Each structure stands twice: as structure tokens, then as C-alpha cells.
Amino acid sequence: MWARDSQKTFIGDLTKAFNKSHTDVQLRVDLIPASNFVQKFGTAVGSGSGPDVVSIDLVYLPYFSSVGALEDITDRANTLSYKSGLDPAHMRLATYKGKLYALPFTSEASVLYYNKTLFKKAGLDPDKPPKTWADIETAARKIRELGDGYYGYVFSGACAGCNAFTFMPYIWASGGDVLKGRGDNPKPTFDSSIITEALSLYRRMWQQGVMAPLSRTDQGSNAGPAFASGKIGIYGSGAFFIPTLSKAKGFEWAVTPIPGKSGGYASFAGGDEIAIPKTSKNKDAAWSVIKWATGKDAQSVLAHDGIVPIRTDLLKSIYEPLNPNYPALARAMLRGRTPYSTVYNALFNDNNGPWITMIDDAVFKGNIEQAQRSAQQKALDIVSSGTSG
Amino acid sequence: MSGFTKQGPRNDTPYTPTAGVGRRRAGDLSWYQRRQLTGVLCVLPAALFITLFFFIPLVLAFWMSLYRWPLLGIHKFIGVANYVAAFHDSTFLHAAGFTAEYTLIITPILLIVGLILALLVKGSRRGTGFFRTVYFLPVPIGFASASFLWVWLVQPDVGPFGRILQMMHLVAQPPQWLAATASALFVVIAMVTWKTSGMQMILLMSGMQAIPTELEEAARVDGAGRWQVFFHITLPLLRPTLALVLVFSVAGSLLAFDQFYIITGGGPSNSTITAVYWIYHTSFVTFQLGYGSALSILLMLVLAAVSFVQLRLIHRSTEF
């Protein structure tokens, strides 16, 4: 089986558990660097080699399903008693033209982390996290007013994927979207007015100096540690950040959902799904791994390693009791969404692509309208060239 | 190193018929044929390598460039459409322009720094060996590791560069080096200069050491000053080495990728994307292998043309 190297923390425990409980099938996991997983897997399938089972970032499933890289597992999945309990966002991404090509494996939800100690210091109620965009702006500004070195908000302005994860929920929770319409390759809506407003929120916080300066150039690895240093008020991230943060000392923190403009909340449904490549030589064994991985035992192992389980029917029993912050993450996960597109990578995950270029131009340079217009044009080009290919 | 650039005397020993004639039997190869066979056998491994790792991939790339060729899925013959698209691809055109700009800026810097370093360490005074080693030390570091090192050095919150400037009261806040095109480019240029000028130094130094000292001494006796000797004796005699260094550095700069990919990530706002960066991007981010191949072929043509012009200019200038 192939997995991303970022799954290292739990995949070992999982393999051990599988091999202990199975005598006929044994599992060996190869970790592939996350940054070039897609091209490694693509070339492997293209050349007929590659693994028997693969764990893929769910955003790439529409692409791999559409090019016939994965085995259709619709019939096999129908035999599962708990199929209806599987996370709907994951199931949607695993479906291509009515057929199912993967099953959910791990989940990830995006939330806001906020520094309760700083909230108190700035005269805010630490038990009343922000519920609207205005709340966020006020809280961030008050924390910035504490003085030098304290900042209200931080995000990774040079990391495309990070902003799909933490910026899209602001749009969704306010009734907007980044893609419009159903189908395999929906049109982008980068020039919509709700995105203008979300970008303006970030722009104002940047312009007023409320955001930590590193936001502009961070490619994803510095914003988290900055929040963990206790000098930042609010930061958007996922469940994977909890272990890092639990080691941080000197301040209290908590988790709250990412709010919409005037209330409500949303989350990006991230994580991995597990599939059988077309080129797999042991499809039945591969299926036994998938079946086990979505079962209660495996999902409990994941929950203990801090991963949000993909079984909505088990969240209350195996996940939420483990940590006081988990219920908020579980709630966010149930409200999780993922853009469905066979050209997701080029649209949203590419660090030189239209999504991050738009955010960079709008937030740090201020020409919001033009940033949206040119990003929309680039995104349309990508979508139209993707469909004709 | 000088054998690289100077034409040594031809090594043809004239054929002497007295040797070995008596032992020659029918069917045996003549001395001349044997000599030819040895020659072929000697170059065969190199020729095989070049065929395997240069000519075959080149032909394949050209072939792929005529197709719409996604990483997965069906490929389709589309003729020269990829080449036509390249001239309408605003990012590629910008990348090509930026690469040219980068090459024009960095080439003279590397050459001058390399020359100065070479002048400093060419003698045999005490300590020159130490400095030679120091200046050369960054060269064996890989481009990727060097880039990561510099990313950390210029990081505003944890990197020492900003901290040092702040301690010297030159700036109030550690600067965001990578947030503006000019300063991001400056960081890359500083890194590349630090990393590669040692190599240029060694090449130029060996070139200088190959110049007979009598020439310089004669000039001194005739009353030439230090600078006159440098400009009228050293520099003209150094031409072949300079040419070599120049061709290396221009080709290397036109193919720049790692340093930008790692340090700037093409940013801010895609302003520091180089030609190779964009080829990588089209091939492995958007999976258009056919289009990526077409861009590679175009870049190769430019590179071949530039090197050809350079070598022609140099060839002419070495004829005294």
C-alpha cells in the first residue's frame, strides 16, 4: 500500500494492528513524499506498476477516477452494513459518473484555534469565541492593541492548499462557493461578491497591521509555530495541529468553528480515501484492507492517534470522549465540504495557480477586484482545457 | 585544466613500416585499422551514454511535444499546436523574460566576483590555501540544500539576517525579503554568488597560473603598473578560460530552477518563475507532458543558439 509521508504518525500503528489481526493477508506500507505523490502514483499506474492499495488525498479522486486509474468498487461497497455512516463529503469525492472508486479512510476538518489567555488579556470573554466575521475582526484588532509582538491573526499566505482548507469555509459559511454547478468539472466562481467580501476582511486585517507579518510569505510551516508561541490571537488549522499545540506552554487555547459573515459555520472536509488501483495484482486482498480500514477497530486506532474518524456513526463513541476539543472538530467535520473537480490540483493546490495568486494579490496588494477577475479567467482556462482533454 | 581550452600538439606518431611488418598475417588488421578500432572502442561507452541519456530522450521529447499527452489517459497527435500555444502562454513568456533578466544580472556578478577571488588566491603566499578552501567550500553543497539554508537565513522571524540588521539598528523590523520581487531576486543572486563563485575562482585561477610569468615580468620591466599588467597581459591571455567560465555560467543561469523553486516558490505573485520552473509546472503540476516537452525543446533551441553565438565570438577573439 502507498500512503503519504504526512501519514507517518498513524500508519505504523494501523499496519501493526492489521497484520496482527490477519493471517492470510499482510500489509506493507510505502511512504511517498506528499509533495509528489500525485505524479509518482500517476506514473506508476501509467507504467503498470504501483501498489495494490493506495491512500489518496480526497481532492485528487475525481481526477484519478476520471482517467481510469482506479478500480470501480461500487458493488463491493454495497455489501458494507455501515456504508450510510461514511462521511458524505468523502463519498461525494469518491464518486465519478455514478460509480464509486474509493472509500473514506481518514478525515480532517478545519477550525479556528484561538488563544484564550490573549482574549482575556485584551478584555474579551475567553469563553465566547468569534461567531461572525465582525467578531473576528474586533477580537484580532483588540489583541493587536496589546502591543508589540502580539498579533490578532495569522495565516499562510503563500500556501495554496492551506487556504483551501482555512479560507474556503469563510465563503461556504456565508452562502457562497468557489465552484458552481454539479458535474465533473464545474465552473469557477472566483469573481463572486461573497469572495470579494471575504478577501476584504483579510485585506483590512493585513492593512491595519493586525495580521502577523509572516502571513505574507509563509508557505505553511511557520504560521502554526507562531500561534504555538502564544503571541497570536486566532489561527485556522485542523485536528493535526492539536498534538503540536498540546506541547505549547504558557497559555490556554480552544477550538471553534470557522464562522460565516453573519453567523453559521463551515469546514473543509479533508483527509484521505483508500482505493484499489486498476493495476493492482491482489484486488481481493486489497479489498480486505479497505474493508478493515473503514471498520471500527481501525478507526479507533486512528482516533487514538488524533485523526478524525470517517465514520459519522462512530464519532460520538470512539472519538469525542478522547479530548475536550474533539467535539468541536467532529461538529466541523459533519459540516465539511470539498470542491469537486477533476482539475482541483491546478485550480486550488498549485502554489502558482489562480486560487493562491488571487489571495496574494487581493490581501497583500489590495487590488481585490482585478485579482478576482484575472484569477477567474485563469481558472476558466484551466477548467475548459481540462474538459477537452 | 588548461588542456580544456588550449590546442595541444597533435599526438600522431608517424607510421614506421619497419615495426611489426614481418609478423603481419593475412586477415590481421593493419596498424592503422587497429588504431581506428581502439579509438572507436574508447569512445563507445561515452557514445552509448550520450545516445541513451541524451539523443533517445531528445527524440522522445520531440515526439511527445507533437501530442496532447496527459500523465494519465489517452494521448492525441496535435502537430505543432503545443508550440503555437507556447507563444500565447503569458506565464511562459514572462518566465522566459525573467530568466533572461536573471542571466543578464548574474553572469557579470559571478564573473567579476570570481575574477577578484582568483586574483586574491592565485599567489603562493602563506594562507592562500586556506582562503581557497574557504571560498570553494560552498561549491560542493547541493543547490537544494544551499537554497533551504538561505530560506532559513532570510526568514523574518527566525532567520539571523533580519535579526542582525535589527541589532545594528539599520531596520526597525526584520525585513520580509521574499515579499517583493526585487529583494527576493536579490536573495537568490546572493545565494548563487556565494555558492558558485568558488568554482569560477578555481577555473580562472588555473587559467591565470597557466600564463607564463615571464610575460608579466617583461611587462613590469617595461614599466607597466599593476592594473596595466592586469588589463593588457593577464586578461587577454585569460580569454579562453573566461570563455569557458562564461559559457558554463550562462547555460547554468538559463536553466535555473532549484534556487527559485525552493527560495521564492516562484513568488511573490508568480514574478520569479523561470523557464525551467514553468516546464516543471506544466509537466508535473498540470500533467501536460506534451506541452512541457514542447517548452523544453524551445528552451533547448535557445540554449543551443546562445552557446553557439558565445563560442563563435570566443573563437574569433582567440585568433590573435
# chains A, B, ... in the order shown; residues from 1 in each chain; ligands from 1

call {"tool": "interface_residues", "arguments": {"of": "chain B", "to": "chain A", "cutoff": "6 Å", "atoms": "only C-alpha atoms", "output": "PDB file with N, CA, C and O atoms, in the first residue's frame"}}
result
ATOM      1  N   GLY B  73      -4.187   8.673 -19.151  1.00  0.00           N
ATOM      2  CA  GLY B  73      -5.220   8.833 -20.174  1.00  0.00           C
ATOM      3  C   GLY B  73      -4.624   8.794 -21.567  1.00  0.00           C
ATOM      4  O   GLY B  73      -3.438   8.552 -21.753  1.00  0.00           O
ATOM      5  N   SER B 269       3.679  36.594  -6.157  1.00  0.00           N
ATOM      6  CA  SER B 269       2.727  36.660  -7.280  1.00  0.00           C
ATOM      7  C   SER B 269       3.311  36.147  -8.585  1.00  0.00           C
ATOM      8  O   SER B 269       3.172  36.780  -9.622  1.00  0.00           O
ATOM      9  N   THR B 286       0.303  20.366 -13.708  1.00  0.00           N
ATOM     10  CA  THR B 286      -0.911  20.262 -14.512  1.00  0.00           C
ATOM     11  C   THR B 286      -0.882  19.048 -15.455  1.00  0.00           C
ATOM     12  O   THR B 286      -1.805  18.849 -16.224  1.00  0.00           O
TER      13      THR B 286
END

call {"tool": "residues_around", "arguments": {"residues": "B:Gln173", "least_positions_apart": "2", "cutoff": "12 Å", "atoms": "only C-alpha atoms", "output": "NGL selection string"}}
result
(:A and (148-149 or 212-214)) or (:B and (156-157 or 161-171 or 175-177))

call {"tool": "write_last_selection", "arguments": {"atoms": "N, CA, C and O atoms", "output": "PDB file, in the first residue's frame"}}
result
ATOM      1  N   ASP A 148       3.477  45.468  20.938  1.00  0.00           N
ATOM      2  CA  ASP A 148       4.485  44.901  20.057  1.00  0.00           C
ATOM      3  C   ASP A 148       4.597  43.384  20.215  1.00  0.00           C
ATOM      4  O   ASP A 148       4.611  42.870  21.312  1.00  0.00           O
ATOM      5  N   GLY A 149       4.682  42.730  19.107  1.00  0.00           N
ATOM      6  CA  GLY A 149       4.890  41.292  19.167  1.00  0.00           C
ATOM      7  C   GLY A 149       3.602  40.501  19.253  1.00  0.00           C
ATOM      8  O   GLY A 149       3.603  39.301  19.004  1.00  0.00           O
ATOM      9  N   ALA A 212      -0.014  38.912  11.597  1.00  0.00           N
ATOM     10  CA  ALA A 212       1.431  38.748  11.749  1.00  0.00           C
ATOM     11  C   ALA A 212       2.100  38.896  10.382  1.00  0.00           C
ATOM     12  O   ALA A 212       1.591  38.371   9.390  1.00  0.00           O
ATOM     13  N   PRO A 213       3.229  39.628  10.330  1.00  0.00           N
ATOM     14  CA  PRO A 213       3.888  39.874   9.035  1.00  0.00           C
ATOM     15  C   PRO A 213       4.255  38.603   8.279  1.00  0.00           C
ATOM     16  O   PRO A 213       4.288  38.595   7.057  1.00  0.00           O
ATOM     17  N   LEU A 214       4.531  37.512   9.003  1.00  0.00           N
ATOM     18  CA  LEU A 214       4.958  36.297   8.309  1.00  0.00           C
ATOM     19  C   LEU A 214       3.849  35.722   7.437  1.00  0.00           C
ATOM     20  O   LEU A 214       4.100  34.895   6.566  1.00  0.00           O
TER      21      LEU A 214
ATOM     22  N   PRO B 156      12.015  36.082   8.204  1.00  0.00           N
ATOM     23  CA  PRO B 156      11.948  37.271   9.066  1.00  0.00           C
ATOM     24  C   PRO B 156      11.862  36.969  10.567  1.00  0.00           C
ATOM     25  O   PRO B 156      12.387  37.741  11.363  1.00  0.00           O
ATOM     26  N   ASP B 157      11.215  35.859  10.948  1.00  0.00           N
ATOM     27  CA  ASP B 157      11.013  35.642  12.376  1.00  0.00           C
ATOM     28  C   ASP B 157      12.124  34.846  13.040  1.00  0.00           C
ATOM     29  O   ASP B 157      12.467  35.095  14.190  1.00  0.00           O
ATOM     30  N   PHE B 161      19.675  36.863   9.457  1.00  0.00           N
ATOM     31  CA  PHE B 161      19.978  38.073   8.691  1.00  0.00           C
ATOM     32  C   PHE B 161      19.161  39.278   9.177  1.00  0.00           C
ATOM     33  O   PHE B 161      19.699  40.350   9.437  1.00  0.00           O
ATOM     34  N   GLY B 162      17.852  39.072   9.287  1.00  0.00           N
ATOM     35  CA  GLY B 162      16.975  40.150   9.729  1.00  0.00           C
ATOM     36  C   GLY B 162      17.332  40.583  11.140  1.00  0.00           C
ATOM     37  O   GLY B 162      17.384  41.781  11.455  1.00  0.00           O
ATOM     38  N   ARG B 163      17.613  39.601  11.986  1.00  0.00           N
ATOM     39  CA  ARG B 163      17.968  39.866  13.375  1.00  0.00           C
ATOM     40  C   ARG B 163      19.231  40.727  13.461  1.00  0.00           C
ATOM     41  O   ARG B 163      19.301  41.685  14.229  1.00  0.00           O
ATOM     42  N   ILE B 164      20.221  40.401  12.616  1.00  0.00           N
ATOM     43  CA  ILE B 164      21.490  41.146  12.642  1.00  0.00           C
ATOM     44  C   ILE B 164      21.258  42.592  12.224  1.00  0.00           C
ATOM     45  O   ILE B 164      21.707  43.524  12.892  1.00  0.00           O
ATOM     46  N   LEU B 165      20.493  42.783  11.138  1.00  0.00           N
ATOM     47  CA  LEU B 165      20.197  44.145  10.685  1.00  0.00           C
ATOM     48  C   LEU B 165      19.473  44.924  11.780  1.00  0.00           C
ATOM     49  O   LEU B 165      19.727  46.112  11.993  1.00  0.00           O
ATOM     50  N   GLN B 166      18.581  44.214  12.487  1.00  0.00           N
ATOM     51  CA  GLN B 166      17.819  44.862  13.552  1.00  0.00           C
ATOM     52  C   GLN B 166      18.746  45.267  14.701  1.00  0.00           C
ATOM     53  O   GLN B 166      18.647  46.360  15.248  1.00  0.00           O
ATOM     54  N   MET B 167      19.681  44.372  15.035  1.00  0.00           N
ATOM     55  CA  MET B 167      20.613  44.660  16.124  1.00  0.00           C
ATOM     56  C   MET B 167      21.530  45.829  15.778  1.00  0.00           C
ATOM     57  O   MET B 167      21.976  46.563  16.645  1.00  0.00           O
ATOM     58  N   MET B 168      21.824  45.968  14.470  1.00  0.00           N
ATOM     59  CA  MET B 168      22.665  47.090  14.045  1.00  0.00           C
ATOM     60  C   MET B 168      21.853  48.365  13.895  1.00  0.00           C
ATOM     61  O   MET B 168      22.367  49.384  13.444  1.00  0.00           O
ATOM     62  N   HIS B 169      20.564  48.300  14.230  1.00  0.00           N
ATOM     63  CA  HIS B 169      19.644  49.439  14.146  1.00  0.00           C
ATOM     64  C   HIS B 169      19.513  49.981  12.734  1.00  0.00           C
ATOM     65  O   HIS B 169      19.291  51.167  12.530  1.00  0.00           O
ATOM     66  N   LEU B 170      19.689  49.104  11.754  1.00  0.00           N
ATOM     67  CA  LEU B 170      19.501  49.527  10.367  1.00  0.00           C
ATOM     68  C   LEU B 170      18.033  49.424   9.976  1.00  0.00           C
ATOM     69  O   LEU B 170      17.555  50.143   9.114  1.00  0.00           O
ATOM     70  N   VAL B 171      17.324  48.496  10.609  1.00  0.00           N
ATOM     71  CA  VAL B 171      15.892  48.353  10.338  1.00  0.00           C
ATOM     72  C   VAL B 171      15.157  48.216  11.665  1.00  0.00           C
ATOM     73  O   VAL B 171      15.732  47.750  12.658  1.00  0.00           O
ATOM     74  N   PRO B 175      13.260  42.535   7.831  1.00  0.00           N
ATOM     75  CA  PRO B 175      12.587  42.714   6.547  1.00  0.00           C
ATOM     76  C   PRO B 175      12.014  41.407   5.989  1.00  0.00           C
ATOM     77  O   PRO B 175      12.513  40.324   6.274  1.00  0.00           O
ATOM     78  N   GLN B 176      10.961  41.554   5.195  1.00  0.00           N
ATOM     79  CA  GLN B 176      10.342  40.419   4.502  1.00  0.00           C
ATOM     80  C   GLN B 176      11.024  40.283   3.147  1.00  0.00           C
ATOM     81  O   GLN B 176      10.508  40.765   2.147  1.00  0.00           O
ATOM     82  N   TRP B 177      12.166  39.651   3.139  1.00  0.00           N
ATOM     83  CA  TRP B 177      12.964  39.571   1.912  1.00  0.00           C
ATOM     84  C   TRP B 177      12.191  39.013   0.734  1.00  0.00           C
ATOM     85  O   TRP B 177      12.362  39.469  -0.389  1.00  0.00           O
TER      86      TRP B 177
END

call {"tool": "select_by_dssp", "arguments": {"residues": "stretch 114-284 of chain B", "states": "helix (DSSP H, G or I)", "output": "ChimeraX atom specification"}}
result
/B:114-121,128-136,143-154,160-167,177-179,181-209,213-221,226-237,239-254,258-263,275-284

call {"tool": "residues_around", "arguments": {"residues": "stretch 206-223 of chain B", "least_positions_apart": "3", "cutoff": "8 Å", "atoms": "only C-alpha atoms", "output": "list of chain:residue names"}}
result
B:Met1, B:Ser2, B:Lys122, B:Ile202, B:Leu203, B:Val229, B:Ile233, B:Thr234, B:Leu237, B:Leu238, B:Thr241

call {"tool": "write_last_selection", "arguments": {"atoms": "N, CA, C and O atoms", "output": "PDB file, in the first residue's frame"}}
result
ATOM      1  N   MET B   1      43.720  21.706 -16.236  1.00  0.00           N
ATOM      2  CA  MET B   1      42.539  22.428 -16.702  1.00  0.00           C
ATOM      3  C   MET B   1      42.805  23.136 -18.016  1.00  0.00           C
ATOM      4  O   MET B   1      41.910  23.332 -18.814  1.00  0.00           O
ATOM      5  N   SER B   2      44.084  23.492 -18.211  1.00  0.00           N
ATOM      6  CA  SER B   2      44.355  24.276 -19.410  1.00  0.00           C
ATOM      7  C   SER B   2      44.191  23.425 -20.660  1.00  0.00           C
ATOM      8  O   SER B   2      43.935  23.940 -21.728  1.00  0.00           O
ATOM      9  N   LYS B 122      45.534  33.516  -6.140  1.00  0.00           N
ATOM     10  CA  LYS B 122      46.367  32.815  -7.127  1.00  0.00           C
ATOM     11  C   LYS B 122      47.819  32.685  -6.681  1.00  0.00           C
ATOM     12  O   LYS B 122      48.519  31.780  -7.108  1.00  0.00           O
ATOM     13  N   ILE B 202      38.278  28.917  -9.030  1.00  0.00           N
ATOM     14  CA  ILE B 202      39.244  27.851  -9.297  1.00  0.00           C
ATOM     15  C   ILE B 202      39.589  27.804 -10.792  1.00  0.00           C
ATOM     16  O   ILE B 202      40.752  27.715 -11.183  1.00  0.00           O
ATOM     17  N   LEU B 203      38.545  27.890 -11.639  1.00  0.00           N
ATOM     18  CA  LEU B 203      38.792  27.830 -13.082  1.00  0.00           C
ATOM     19  C   LEU B 203      39.664  28.995 -13.530  1.00  0.00           C
ATOM     20  O   LEU B 203      40.659  28.812 -14.238  1.00  0.00           O
ATOM     21  N   VAL B 229      49.282  45.717 -16.247  1.00  0.00           N
ATOM     22  CA  VAL B 229      49.597  44.295 -16.438  1.00  0.00           C
ATOM     23  C   VAL B 229      48.317  43.477 -16.480  1.00  0.00           C
ATOM     24  O   VAL B 229      48.114  42.625 -17.354  1.00  0.00           O
ATOM     25  N   ILE B 233      47.925  42.249 -20.113  1.00  0.00           N
ATOM     26  CA  ILE B 233      48.594  40.942 -20.190  1.00  0.00           C
ATOM     27  C   ILE B 233      47.673  39.834 -19.688  1.00  0.00           C
ATOM     28  O   ILE B 233      47.290  38.926 -20.443  1.00  0.00           O
ATOM     29  N   THR B 234      47.278  39.934 -18.414  1.00  0.00           N
ATOM     30  CA  THR B 234      46.532  38.830 -17.817  1.00  0.00           C
ATOM     31  C   THR B 234      45.202  38.592 -18.534  1.00  0.00           C
ATOM     32  O   THR B 234      44.919  37.484 -18.994  1.00  0.00           O
ATOM     33  N   LEU B 237      45.243  37.102 -22.101  1.00  0.00           N
ATOM     34  CA  LEU B 237      45.722  35.721 -22.124  1.00  0.00           C
ATOM     35  C   LEU B 237      44.752  34.780 -21.417  1.00  0.00           C
ATOM     36  O   LEU B 237      44.816  33.570 -21.571  1.00  0.00           O
ATOM     37  N   LEU B 238      43.855  35.380 -20.633  1.00  0.00           N
ATOM     38  CA  LEU B 238      42.910  34.573 -19.878  1.00  0.00           C
ATOM     39  C   LEU B 238      41.659  34.259 -20.701  1.00  0.00           C
ATOM     40  O   LEU B 238      40.805  33.497 -20.281  1.00  0.00           O
ATOM     41  N   THR B 241      39.938  30.803 -20.880  1.00  0.00           N
ATOM     42  CA  THR B 241      39.336  30.396 -19.620  1.00  0.00           C
ATOM     43  C   THR B 241      38.072  31.209 -19.346  1.00  0.00           C
ATOM     44  O   THR B 241      37.052  30.673 -18.924  1.00  0.00           O
TER      45      THR B 241
END

call {"tool": "residues_around", "arguments": {"residues": "B:Ala251", "least_positions_apart": "3", "cutoff": "10 Å", "atoms": "only C-alpha atoms", "output": "PDB file with C-alpha atoms, in the first residue's frame"}}
result
ATOM      1  CA  THR B 103      21.025  35.609 -16.587  1.00  0.00           C
ATOM      2  CA  THR B 107      26.574  36.491 -15.229  1.00  0.00           C
ATOM      3  CA  LEU B 246      31.117  32.369 -19.343  1.00  0.00           C
ATOM      4  CA  VAL B 247      29.544  29.507 -21.286  1.00  0.00           C
ATOM      5  CA  PHE B 248      29.143  27.481 -18.098  1.00  0.00           C
ATOM      6  CA  LEU B 254      19.319  29.922 -18.263  1.00  0.00           C
ATOM      7  CA  LEU B 255      18.478  26.558 -16.699  1.00  0.00           C
ATOM      8  CA  ALA B 256      17.939  27.959 -13.201  1.00  0.00           C
ATOM      9  CA  LEU B 303      20.298  27.449 -25.206  1.00  0.00           C
ATOM     10  CA  ALA B 304      21.975  25.933 -28.261  1.00  0.00           C
ATOM     11  CA  VAL B 306      23.180  31.236 -27.185  1.00  0.00           C
ATOM     12  CA  SER B 307      26.063  28.801 -26.680  1.00  0.00           C
TER      13      SER B 307
END

call {"tool": "residues_around", "arguments": {"residues": "A:Trp2", "least_positions_apart": "5", "cutoff": "10 Å", "atoms": "only C-alpha atoms", "output": "list of chain:residue names"}}
result
A:Arg28, A:Val29, A:Asp30, A:Leu31, A:Ile32, A:Phe37, A:Phe41, A:Gly50, A:Pro51, A:Asp52, A:Val53, A:Val54, A:Ser55, A:Ile56, A:Ile274

call {"tool": "write_last_selection", "arguments": {"atoms": "N, CA and C atoms", "output": "PDB file, in the first residue's frame"}}
result
ATOM      1  N   ARG A  28       2.084  -4.115   3.780  1.00  0.00           N
ATOM      2  CA  ARG A  28       3.328  -3.371   3.882  1.00  0.00           C
ATOM      3  C   ARG A  28       3.084  -1.977   3.295  1.00  0.00           C
ATOM      4  N   VAL A  29       3.474  -0.959   4.036  1.00  0.00           N
ATOM      5  CA  VAL A  29       3.181   0.400   3.587  1.00  0.00           C
ATOM      6  C   VAL A  29       4.452   1.086   3.106  1.00  0.00           C
ATOM      7  N   ASP A  30       4.386   1.684   1.912  1.00  0.00           N
ATOM      8  CA  ASP A  30       5.475   2.526   1.419  1.00  0.00           C
ATOM      9  C   ASP A  30       5.028   3.970   1.541  1.00  0.00           C
ATOM     10  N   LEU A  31       5.858   4.765   2.212  1.00  0.00           N
ATOM     11  CA  LEU A  31       5.515   6.183   2.346  1.00  0.00           C
ATOM     12  C   LEU A  31       6.107   6.959   1.181  1.00  0.00           C
ATOM     13  N   ILE A  32       5.267   7.764   0.550  1.00  0.00           N
ATOM     14  CA  ILE A  32       5.680   8.566  -0.607  1.00  0.00           C
ATOM     15  C   ILE A  32       5.609  10.038  -0.180  1.00  0.00           C
ATOM     16  N   PHE A  37       3.299  13.022  -4.532  1.00  0.00           N
ATOM     17  CA  PHE A  37       2.517  11.790  -4.507  1.00  0.00           C
ATOM     18  C   PHE A  37       1.757  11.590  -5.818  1.00  0.00           C
ATOM     19  N   PHE A  41       2.295   8.415  -8.209  1.00  0.00           N
ATOM     20  CA  PHE A  41       1.216   7.443  -8.380  1.00  0.00           C
ATOM     21  C   PHE A  41       0.763   7.410  -9.840  1.00  0.00           C
ATOM     22  N   GLY A  50       3.176  -0.177  -9.452  1.00  0.00           N
ATOM     23  CA  GLY A  50       2.416   0.509  -8.422  1.00  0.00           C
ATOM     24  C   GLY A  50       1.819  -0.435  -7.410  1.00  0.00           C
ATOM     25  N   PRO A  51       1.179   0.128  -6.386  1.00  0.00           N
ATOM     26  CA  PRO A  51       0.760  -0.649  -5.226  1.00  0.00           C
ATOM     27  C   PRO A  51      -0.554  -1.396  -5.447  1.00  0.00           C
ATOM     28  N   ASP A  52      -0.890  -2.263  -4.499  1.00  0.00           N
ATOM     29  CA  ASP A  52      -2.165  -2.975  -4.537  1.00  0.00           C
ATOM     30  C   ASP A  52      -3.280  -2.143  -3.924  1.00  0.00           C
ATOM     31  N   VAL A  53      -2.897  -1.312  -2.951  1.00  0.00           N
ATOM     32  CA  VAL A  53      -3.866  -0.405  -2.315  1.00  0.00           C
ATOM     33  C   VAL A  53      -3.209   0.961  -2.268  1.00  0.00           C
ATOM     34  N   VAL A  54      -4.026   2.004  -2.328  1.00  0.00           N
ATOM     35  CA  VAL A  54      -3.440   3.335  -2.257  1.00  0.00           C
ATOM     36  C   VAL A  54      -4.321   4.238  -1.401  1.00  0.00           C
ATOM     37  N   SER A  55      -3.653   5.065  -0.605  1.00  0.00           N
ATOM     38  CA  SER A  55      -4.369   6.057   0.184  1.00  0.00           C
ATOM     39  C   SER A  55      -4.110   7.413  -0.466  1.00  0.00           C
ATOM     40  N   ILE A  56      -5.178   8.057  -0.951  1.00  0.00           N
ATOM     41  CA  ILE A  56      -5.025   9.290  -1.742  1.00  0.00           C
ATOM     42  C   ILE A  56      -5.745  10.449  -1.067  1.00  0.00           C
ATOM     43  N   ILE A 274      -9.217   5.559   0.504  1.00  0.00           N
ATOM     44  CA  ILE A 274      -8.413   4.383   0.213  1.00  0.00           C
ATOM     45  C   ILE A 274      -9.032   3.663  -0.984  1.00  0.00           C
TER      46      ILE A 274
END

call {"tool": "residues_around", "arguments": {"residues": "B:Ser253", "least_positions_apart": "4", "cutoff": "9 Å", "atoms": "only C-alpha atoms", "output": "list in words"}}
result
Thr99, Ala100, Tyr102, Thr103, Leu104, Ile106, Thr107, Phe248, Ser249 and Phe257 of chain B

call {"tool": "atom_distance", "arguments": {"atom1": "atom CA of A:Lys278", "atom2": "atom CA of A:Tyr101"}}
result
10.2 Å

call {"tool": "residues_around", "arguments": {"residues": "A:Tyr114", "least_positions_apart": "3", "cutoff": "7 Å", "atoms": "only C-alpha atoms", "output": "MDAnalysis selection string"}}
result
chainID A and resid 233:235 253:255

call {"tool": "select_by_dssp", "arguments": {"residues": "stretch 13-207 of chain B", "states": "strand (DSSP E or B)", "output": "ChimeraX atom specification"}}
result
/B:67-68,70,76-77

call {"tool": "closest_residue", "arguments": {"among": "A:Ile290, A:Leu314, A:Ala34, A:Ala17", "to": "A:Leu103", "atoms": "only C-alpha atoms"}}
result
A:Ile290

call {"tool": "closest_residue", "arguments": {"among": "A:Phe167, A:Trp287, A:Tyr340, A:Phe227", "to": "A:Asp75", "atoms": "only C-alpha atoms"}}
result
A:Trp287

call {"tool": "atom_distance", "arguments": {"atom1": "atom CA of B:Phe98", "atom2": "atom CA of B:Met300"}}
result
16.6 Å

call {"tool": "atom_distance", "arguments": {"atom1": "atom CA of A:Ile136", "atom2": "atom CA of A:Ala379"}}
result
29.5 Å

call {"tool": "decode", "arguments": {"residues": "stretch 33-38 of chain B", "atoms": "all heavy atoms", "output": "CSV table (one decimal), in the first residue's frame"}}
result
chain,number,residue,atom,x,y,z
B,33,GLN,N,44.2,0.4,-39.0
B,33,GLN,CA,42.8,-0.1,-38.7
B,33,GLN,C,42.7,-0.4,-37.2
B,33,GLN,O,41.7,-0.1,-36.6
B,33,GLN,CB,42.5,-1.4,-39.5
B,33,GLN,CG,42.1,-1.1,-40.9
B,33,GLN,CD,42.1,-2.3,-41.7
B,33,GLN,OE1,43.0,-3.2,-41.6
B,33,GLN,NE2,41.1,-2.4,-42.6
B,34,ARG,N,43.8,-1.0,-36.6
B,34,ARG,CA,43.7,-1.3,-35.2
B,34,ARG,C,43.6,0.0,-34.4
B,34,ARG,O,42.8,0.1,-33.5
B,34,ARG,CB,45.0,-2.0,-34.8
B,34,ARG,CG,44.9,-3.5,-35.0
B,34,ARG,CD,45.8,-4.2,-33.9
B,34,ARG,NE,47.2,-3.7,-33.9
B,34,ARG,CZ,48.1,-4.2,-34.7
B,34,ARG,NH1,47.9,-5.1,-35.6
B,34,ARG,NH2,49.3,-3.7,-34.6
B,35,ARG,N,44.4,1.0,-34.9
B,35,ARG,CA,44.3,2.3,-34.2
B,35,ARG,C,42.9,2.9,-34.3
B,35,ARG,O,42.4,3.4,-33.3
B,35,ARG,CB,45.3,3.2,-34.9
B,35,ARG,CG,45.8,4.3,-34.0
B,35,ARG,CD,46.9,5.1,-34.7
B,35,ARG,NE,46.3,6.4,-34.9
B,35,ARG,CZ,46.4,7.4,-34.1
B,35,ARG,NH1,47.1,7.2,-32.9
B,35,ARG,NH2,45.9,8.6,-34.3
B,36,GLN,N,42.3,2.7,-35.4
B,36,GLN,CA,40.9,3.2,-35.5
B,36,GLN,C,40.0,2.5,-34.6
B,36,GLN,O,39.1,3.0,-34.0
B,36,GLN,CB,40.5,3.1,-37.0
B,36,GLN,CG,40.8,4.3,-37.8
B,36,GLN,CD,40.0,4.3,-39.1
B,36,GLN,OE1,39.8,3.2,-39.7
B,36,GLN,NE2,39.6,5.5,-39.5
B,37,LEU,N,40.1,1.2,-34.6
B,37,LEU,CA,39.2,0.3,-33.8
B,37,LEU,C,39.4,0.7,-32.3
B,37,LEU,O,38.4,0.8,-31.6
B,37,LEU,CB,39.6,-1.2,-34.0
B,37,LEU,CG,38.6,-2.2,-33.4
B,37,LEU,CD1,37.3,-2.1,-34.0
B,37,LEU,CD2,39.2,-3.6,-33.4
B,38,THR,N,40.6,0.9,-31.9
B,38,THR,CA,40.9,1.3,-30.5
B,38,THR,C,40.1,2.6,-30.2
B,38,THR,O,39.5,2.7,-29.2
B,38,THR,CB,42.4,1.5,-30.2
B,38,THR,OG1,43.1,0.5,-30.9
B,38,THR,CG2,42.7,1.5,-28.7
